[in-house]
>>> print(open('model-v2.txt').read())   # compact mmCIF, C-alpha atoms
# COMPACT_ATOMS: atom_id res chain seq x y z
CA MET S 979 17.50 12.01 4.84
CA GLN S 980 14.61 14.11 6.19
CA ARG S 981 12.02 11.63 4.99
CA MET S 982 13.97 8.59 6.16
CA SER S 983 14.50 10.22 9.58
CA GLY S 984 10.76 10.84 9.89
CA ILE S 985 9.99 7.22 8.99
CA ALA S 986 12.63 5.83 11.34
CA THR S 987 11.47 8.04 14.22
CA LEU S 988 7.82 7.01 13.87
CA THR S 989 8.79 3.36 13.40
CA LYS S 990 10.88 3.43 16.57
CA ALA S 991 7.96 4.80 18.59
CA MET S 992 5.48 2.27 17.17
CA ALA S 993 7.88 -0.69 17.38
CA ASP S 994 8.57 0.03 21.05
CA ALA S 995 4.85 0.33 21.78
CA ALA S 996 3.96 -2.80 19.79
CA TYR S 997 6.34 -5.13 21.63
CA PRO S 998 6.31 -8.14 21.74
CA ALA S 999 4.74 -7.93 18.27
CA TYR S 1000 6.90 -6.75 15.36
CA MET S 1001 6.02 -3.68 13.29
CA LEU S 1002 5.79 -3.94 9.50
CA GLU S 1003 5.30 -1.32 6.84
CA THR S 1004 3.40 -1.97 3.59
CA ARG S 1005 4.02 -1.30 -0.10
CA LYS S 1006 2.48 2.18 0.30
CA THR S 1007 5.79 3.93 -0.20
CA ALA S 1008 6.79 7.05 -2.13
CA PRO S 1009 7.39 6.60 -5.88
CA CYS S 1010 11.01 5.58 -6.61
CA LEU S 1011 11.83 5.61 -2.88
CA ARG S 1012 10.67 2.16 -1.81
CA LEU S 1013 14.13 0.84 -0.93
CA LEU S 1014 14.94 3.95 1.09
CA ASP S 1015 11.54 3.96 2.83
CA LYS S 1016 11.89 0.31 3.79
CA TRP S 1017 15.49 0.80 4.86
CA ALA S 1018 14.34 3.60 7.18
CA VAL S 1019 11.78 1.23 8.74
CA LEU S 1020 14.56 -1.26 9.49
CA ILE S 1021 16.77 1.45 10.97
CA GLY S 1022 13.84 2.48 13.20
CA GLY S 1023 13.48 -1.04 14.58
CA GLY S 1024 10.68 -2.33 12.38
CA ARG S 1025 10.69 -5.22 9.95
CA ASN S 1026 9.92 -5.31 6.25
CA HIS S 1027 6.84 -6.66 4.54
CA ARG S 1028 7.07 -7.73 0.89
CA MET S 1029 9.07 -5.57 -1.49
CA GLY S 1030 6.61 -5.95 -4.35
CA LEU S 1031 4.34 -8.43 -6.11
CA PHE S 1032 7.29 -10.69 -6.91
CA ASP S 1033 8.62 -11.91 -3.56
CA MET S 1034 5.53 -12.94 -1.61
CA VAL S 1035 2.25 -14.62 -2.42
CA MET S 1036 -0.46 -12.58 -0.74
CA ILE S 1037 -4.10 -13.54 -1.16
CA LYS S 1038 -6.19 -10.40 -0.67
CA ASP S 1039 -9.94 -9.95 -0.30
CA ASN S 1040 -10.47 -9.39 -4.03
CA HIS S 1041 -8.61 -12.61 -4.86
CA ILE S 1042 -10.84 -14.50 -2.42
CA SER S 1043 -13.98 -13.01 -3.96
CA ALA S 1044 -12.80 -13.79 -7.49
CA ALA S 1045 -11.88 -17.37 -6.55
CA GLY S 1046 -15.24 -17.99 -4.90
CA GLY S 1047 -13.97 -18.40 -1.35
CA VAL S 1048 -10.90 -18.75 0.84
CA SER S 1049 -10.39 -22.46 0.25
CA ASN S 1050 -10.57 -22.07 -3.54
CA ALA S 1051 -8.00 -19.27 -3.43
CA LEU S 1052 -5.63 -21.25 -1.21
CA GLU S 1053 -5.95 -24.34 -3.38
CA ALA S 1054 -5.20 -22.34 -6.54
CA VAL S 1055 -2.05 -20.84 -5.02
CA ASP S 1056 -0.79 -24.15 -3.65
CA LEU S 1057 -1.29 -25.76 -7.05
CA TYR S 1058 0.53 -22.88 -8.77
CA LEU S 1059 3.50 -23.13 -6.41
CA GLU S 1060 3.69 -26.90 -6.74
CA GLN S 1061 3.51 -26.91 -10.54
CA ARG S 1062 6.32 -24.35 -10.76
CA ASN S 1063 8.43 -25.88 -8.01
CA LEU S 1064 8.21 -22.70 -5.95
CA LYS S 1065 7.68 -24.38 -2.59
CA VAL S 1066 10.32 -22.69 -0.49
CA GLU S 1067 10.65 -23.19 3.24
CA VAL S 1068 10.10 -19.92 5.05
CA GLU S 1069 12.94 -18.59 7.15
CA HIS S 1070 13.02 -15.61 9.51
CA VAL S 1071 15.45 -13.71 7.33
CA ILE S 1072 14.47 -10.21 8.37
CA GLU S 1073 16.74 -9.43 11.29
CA ASP S 1074 17.62 -6.22 13.08
CA LYS S 1075 20.72 -5.64 10.96
CA ILE S 1076 19.52 -6.93 7.60
CA TRP S 1077 20.06 -3.45 6.17
CA LEU S 1078 23.79 -4.27 6.24
CA ARG S 1079 23.15 -6.95 3.61
CA PRO S 1080 22.58 -6.44 -0.14
CA TRP S 1081 18.95 -5.57 -0.79
CA PHE S 1082 18.55 -8.24 -3.45
CA LEU S 1083 18.73 -10.96 -0.79
CA ILE S 1084 15.23 -10.01 0.32
CA CYS S 1085 13.87 -11.08 -3.05
CA LEU S 1086 15.16 -14.65 -2.72
CA PHE S 1087 12.68 -15.77 -0.07
CA HIS S 1088 9.05 -16.65 -0.72
CA PHE S 1089 6.29 -15.99 1.77
CA TYR S 1090 2.68 -17.03 1.42
CA GLN S 1091 -0.04 -15.12 3.20
CA VAL S 1092 -3.82 -14.98 3.16
CA GLU S 1093 -6.03 -12.14 4.32
CA THR S 1094 -9.01 -12.95 6.53
CA ARG S 1095 -11.79 -10.57 7.49
CA THR S 1096 -13.97 -12.70 9.75
CA LEU S 1097 -13.55 -15.48 12.30
CA GLU S 1098 -15.37 -17.77 9.87
CA GLU S 1099 -12.67 -17.14 7.26
CA VAL S 1100 -9.97 -17.86 9.85
CA LYS S 1101 -11.68 -21.17 10.64
CA GLU S 1102 -11.94 -21.98 6.93
CA VAL S 1103 -8.21 -21.37 6.46
CA LEU S 1104 -7.39 -23.60 9.42
CA HIS S 1105 -9.70 -26.34 8.16
CA TYR S 1106 -8.11 -26.18 4.70
CA ALA S 1107 -4.63 -26.37 6.21
CA SER S 1108 -5.58 -29.39 8.31
CA GLN S 1109 -6.70 -31.27 5.19
CA THR S 1110 -3.82 -30.39 2.84
CA ASN S 1111 -0.07 -29.93 2.69
CA THR S 1112 -0.28 -26.17 2.16
CA SER S 1113 2.69 -23.83 1.86
CA LEU S 1114 0.81 -21.10 3.74
CA THR S 1115 2.99 -19.33 6.30
CA ARG S 1116 1.00 -16.36 7.63
CA ILE S 1117 -2.61 -15.31 8.23
CA MET S 1118 -3.51 -11.63 8.10
CA LEU S 1119 -6.28 -10.64 10.51
CA ASP S 1120 -7.69 -7.58 8.76
CA ASN S 1121 -9.86 -4.98 10.48
CA MET S 1122 -10.42 -7.14 13.55
CA VAL S 1123 -9.48 -4.15 15.73
CA LEU S 1124 -12.68 -2.22 16.29
CA PRO S 1125 -12.58 1.53 17.10
CA LEU S 1126 -14.64 2.71 20.07
CA PRO S 1127 -16.35 6.13 20.48
CA ASN S 1128 -13.95 7.07 23.31
CA GLY S 1129 -10.91 6.66 21.05
CA ASP S 1130 -9.95 3.27 22.48
CA VAL S 1131 -10.10 0.01 20.50
CA ASP S 1132 -11.76 -3.34 21.09
CA ILE S 1133 -9.34 -6.19 20.34
CA SER S 1134 -11.54 -9.07 21.53
CA MET S 1135 -12.16 -10.32 17.97
CA LEU S 1136 -8.45 -10.13 17.20
CA LYS S 1137 -7.55 -12.06 20.35
CA GLU S 1138 -10.11 -14.75 19.51
CA ALA S 1139 -8.63 -15.11 16.02
CA VAL S 1140 -5.11 -15.44 17.46
CA GLN S 1141 -6.35 -18.11 19.86
CA LEU S 1142 -7.96 -20.00 16.96
CA VAL S 1143 -4.70 -20.00 15.01
CA ASN S 1144 -2.91 -21.14 18.19
CA GLY S 1145 0.60 -20.79 16.80
CA LYS S 1146 0.01 -22.89 13.68
CA PHE S 1147 0.86 -19.90 11.49
CA GLU S 1148 2.32 -16.46 11.92
CA THR S 1149 -0.39 -13.83 12.40
CA GLU S 1150 -0.52 -10.22 11.26
CA ALA S 1151 -2.93 -7.56 12.51
CA SER S 1152 -3.92 -4.80 10.11
CA GLY S 1153 -6.37 -1.91 10.29
CA ASN S 1154 -6.94 0.85 12.87
CA VAL S 1155 -3.26 0.81 13.78
CA THR S 1156 -2.04 4.11 15.23
CA LEU S 1157 0.56 5.19 17.76
CA ASP S 1158 -2.25 5.35 20.31
CA THR S 1159 -3.65 1.87 19.60
CA VAL S 1160 -0.60 -0.18 18.66
CA HIS S 1161 0.38 -1.09 22.24
CA LYS S 1162 -2.99 -2.68 22.97
CA ILE S 1163 -2.91 -4.51 19.63
CA GLY S 1164 0.56 -5.81 20.43
CA GLN S 1165 -0.77 -7.42 23.61
CA SER S 1166 -3.20 -9.59 21.61
CA GLY S 1167 -0.60 -12.24 20.80
CA VAL S 1168 -0.18 -11.43 17.10
CA THR S 1169 3.23 -11.96 15.52
CA TYR S 1170 3.20 -8.83 13.38
CA ILE S 1171 1.34 -5.52 13.13
CA SER S 1172 1.36 -3.77 9.75
CA SER S 1173 0.73 -0.08 9.19
CA GLY S 1174 0.87 1.84 5.94
CA SER S 1175 1.12 5.09 7.90
CA LEU S 1176 4.81 4.39 8.57
CA THR S 1177 5.54 5.41 4.98
CA HIS S 1178 2.46 6.78 3.21
CA SER S 1179 1.78 9.81 5.44
CA VAL S 1180 4.85 10.23 7.59
CA LYS S 1181 6.06 13.72 8.51
CA ALA S 1182 9.64 14.38 7.44
CA LEU S 1183 12.02 15.76 10.05
CA ASP S 1184 13.40 19.26 9.54
CA ILE S 1185 17.15 18.86 9.05
CA SER S 1186 19.58 21.64 8.13
CA LEU S 1187 23.36 22.07 7.95
CA LYS S 1188 24.97 24.81 10.07
CA ILE S 1189 28.63 25.81 10.07
CA ASP S 1190 28.39 28.30 12.95
CA THR S 1191 27.07 25.83 15.52
CA GLU S 1192 27.26 28.25 18.45
CA LEU S 1193 25.05 30.82 16.75
CA ALA S 1194 22.75 28.11 15.39
CA LEU S 1195 22.19 26.74 18.90
CA LYS S 1196 21.49 30.22 20.25
CA VAL S 1197 18.88 30.85 17.56
CA GLY S 1198 17.49 27.34 17.97
CA ARG S 1199 16.98 27.76 21.70
CA ARG S 1200 15.38 31.16 21.17
CA THR S 1201 12.87 29.68 18.72
CA GLY S 1202 12.28 26.48 20.65
CA ARG S 1203 13.86 24.26 18.00
CA ALA S 1204 16.96 23.20 19.91
>>> encode(input="model-v2.txt", output="structure tokens")
Amino acid sequence: MQRMSGIATLTKAMADAAYPAYMLETRKTAPCLRLLDKWAVLIGGGRNHRMGLFDMVMIKDNHISAAGGVSNALEAVDLYLEQRNLKVEVEHVIEDKIWLRPWFLICLFHFYQVETRTLEEVKEVLHYASQTNTSLTRIMLDNMVLPLPNGDVDISMLKEAVQLVNGKFETEASGNVTLDTVHKIGQSGVTYISSGSLTHSVKALDISLKIDTELALKVGRRTGRA
């Protein structure tokens, strides 16, 4: 409960600041607590990223390097999905009250995402998509938020990438996302903002059970905790 409350509290603050973009966590959750960590994100007003390696195709930088380029990686995934009849239309299934549903429902929907690190890679993805019937649904714009010496961030590269995509795919910003920077990132036009900090380094809330509430409140006020 303490950990979940910490996650939900931080998520609430970041989700409010990120609006109109949606906040996502990552798979960087505590061992054996992934369902609870992700549930806490939903309770806090965020949305869930993939549960594991089984419910979403996600082409990362290493996959792109191993495949010899973005187009090669996309082509390989599209071929894999087609050969195994895994082409599933993407639906916006993650709603505010999805935590009321059985968790296994999340695993029934397939998403397909590619990570891009440069504007050239974004353009290559868009060119590939214009020439093929790809199942791609989302483009991650990784580390396109540049930190500045004064603590602010430069989102001009991110905004340019969003303009290039122009609504053809969902977009997700990742990298240099903090409570201080998330509002500015959310104004870039991205669909989602993902942050591993929601679960991998969150501070748990201090929760205790008191029977004598009157005395507990008196002590709490004296110590600045109530």
>>> residues_around(input="model-v2.txt", residues="Ala995 (chain S)", least_positions_apart="5", cutoff="8 Å", atoms="all atoms listed in the file", output="ChimeraX atom specification")
/S:1157,1160-1161,1164
>>> residues_around(input="model-v2.txt", residues="region 1017-1029 of chain S", least_positions_apart="4", cutoff="7 Å", atoms="only C-alpha atoms", output="number ranges by chain")
S: 982, 985-987, 989-990, 993, 1000-1005, 1013, 1033-1034, 1072, 1074, 1077
>>> closest_residue(input="model-v2.txt", among="S:Val1123, S:Leu1064, S:Leu1052, S:Val1103", to="Ser1152 (chain S)", atoms="all atoms listed in the file")
S:Val1123
>>> closest_residue(input="model-v2.txt", among="S:Gln980, S:Asn1144, S:Asn1050, S:Thr1156", to="Leu1176 (chain S)", atoms="only C-alpha atoms")
S:Thr1156
>>> residues_around(input="model-v2.txt", residues="Ser1043 (chain S)", least_positions_apart="6", cutoff="12 Å", atoms="only C-alpha atoms", output="list in words")
Ile1037, Ser1049, Asn1050, Ala1051, Glu1093, Thr1094 and Arg1095 of chain S
>>> atom_distance(input="model-v2.txt", atom1="CA of Ala1054 (chain S)", atom2="CA of Ser1108 (chain S)")
16.4 Å
>>> atom_distance(input="model-v2.txt", atom1="CA of Val1100 (chain S)", atom2="CA of Met1118 (chain S)")
9.1 Å
>>> residues_around(input="model-v2.txt", residues="Glu1102 (chain S)", least_positions_apart="3", cutoff="8 Å", atoms="only C-alpha atoms", output="list in words")
Val1048, Ser1049, Glu1098, Glu1099, His1105 and Tyr1106 of chain S
>>> closest_residue(input="model-v2.txt", among="S:Val1168, S:Lys1181, S:Gly1030, S:Arg1116", to="Lys1006 (chain S)", atoms="only C-alpha atoms")
S:Gly1030
>>> residues_around(input="model-v2.txt", residues="Arg981 (chain S)", least_positions_apart="3", cutoff="7 Å", atoms="all atoms listed in the file", output="PyMOL selection string")
chain S and resi 984-985+1182-1183
>>> closest_residue(input="model-v2.txt", among="S:Tyr1058, S:Leu1136, S:Val1131, S:Gln1141", to="Asp1158 (chain S)", atoms="all atoms listed in the file")
S:Val1131
>>> closest_residue(input="model-v2.txt", among="S:Leu988, S:Gly1047, S:Ala996, S:Phe1089", to="Leu1031 (chain S)", atoms="only C-alpha atoms")
S:Phe1089
>>> closest_residue(input="model-v2.txt", among="S:Ala991, S:Lys1016, S:Ser1113, S:Gly1129", to="Val1055 (chain S)", atoms="all atoms listed in the file")
S:Ser1113
>>> atom_distance(input="model-v2.txt", atom1="CA of Asn1040 (chain S)", atom2="CA of Val1092 (chain S)")
11.3 Å
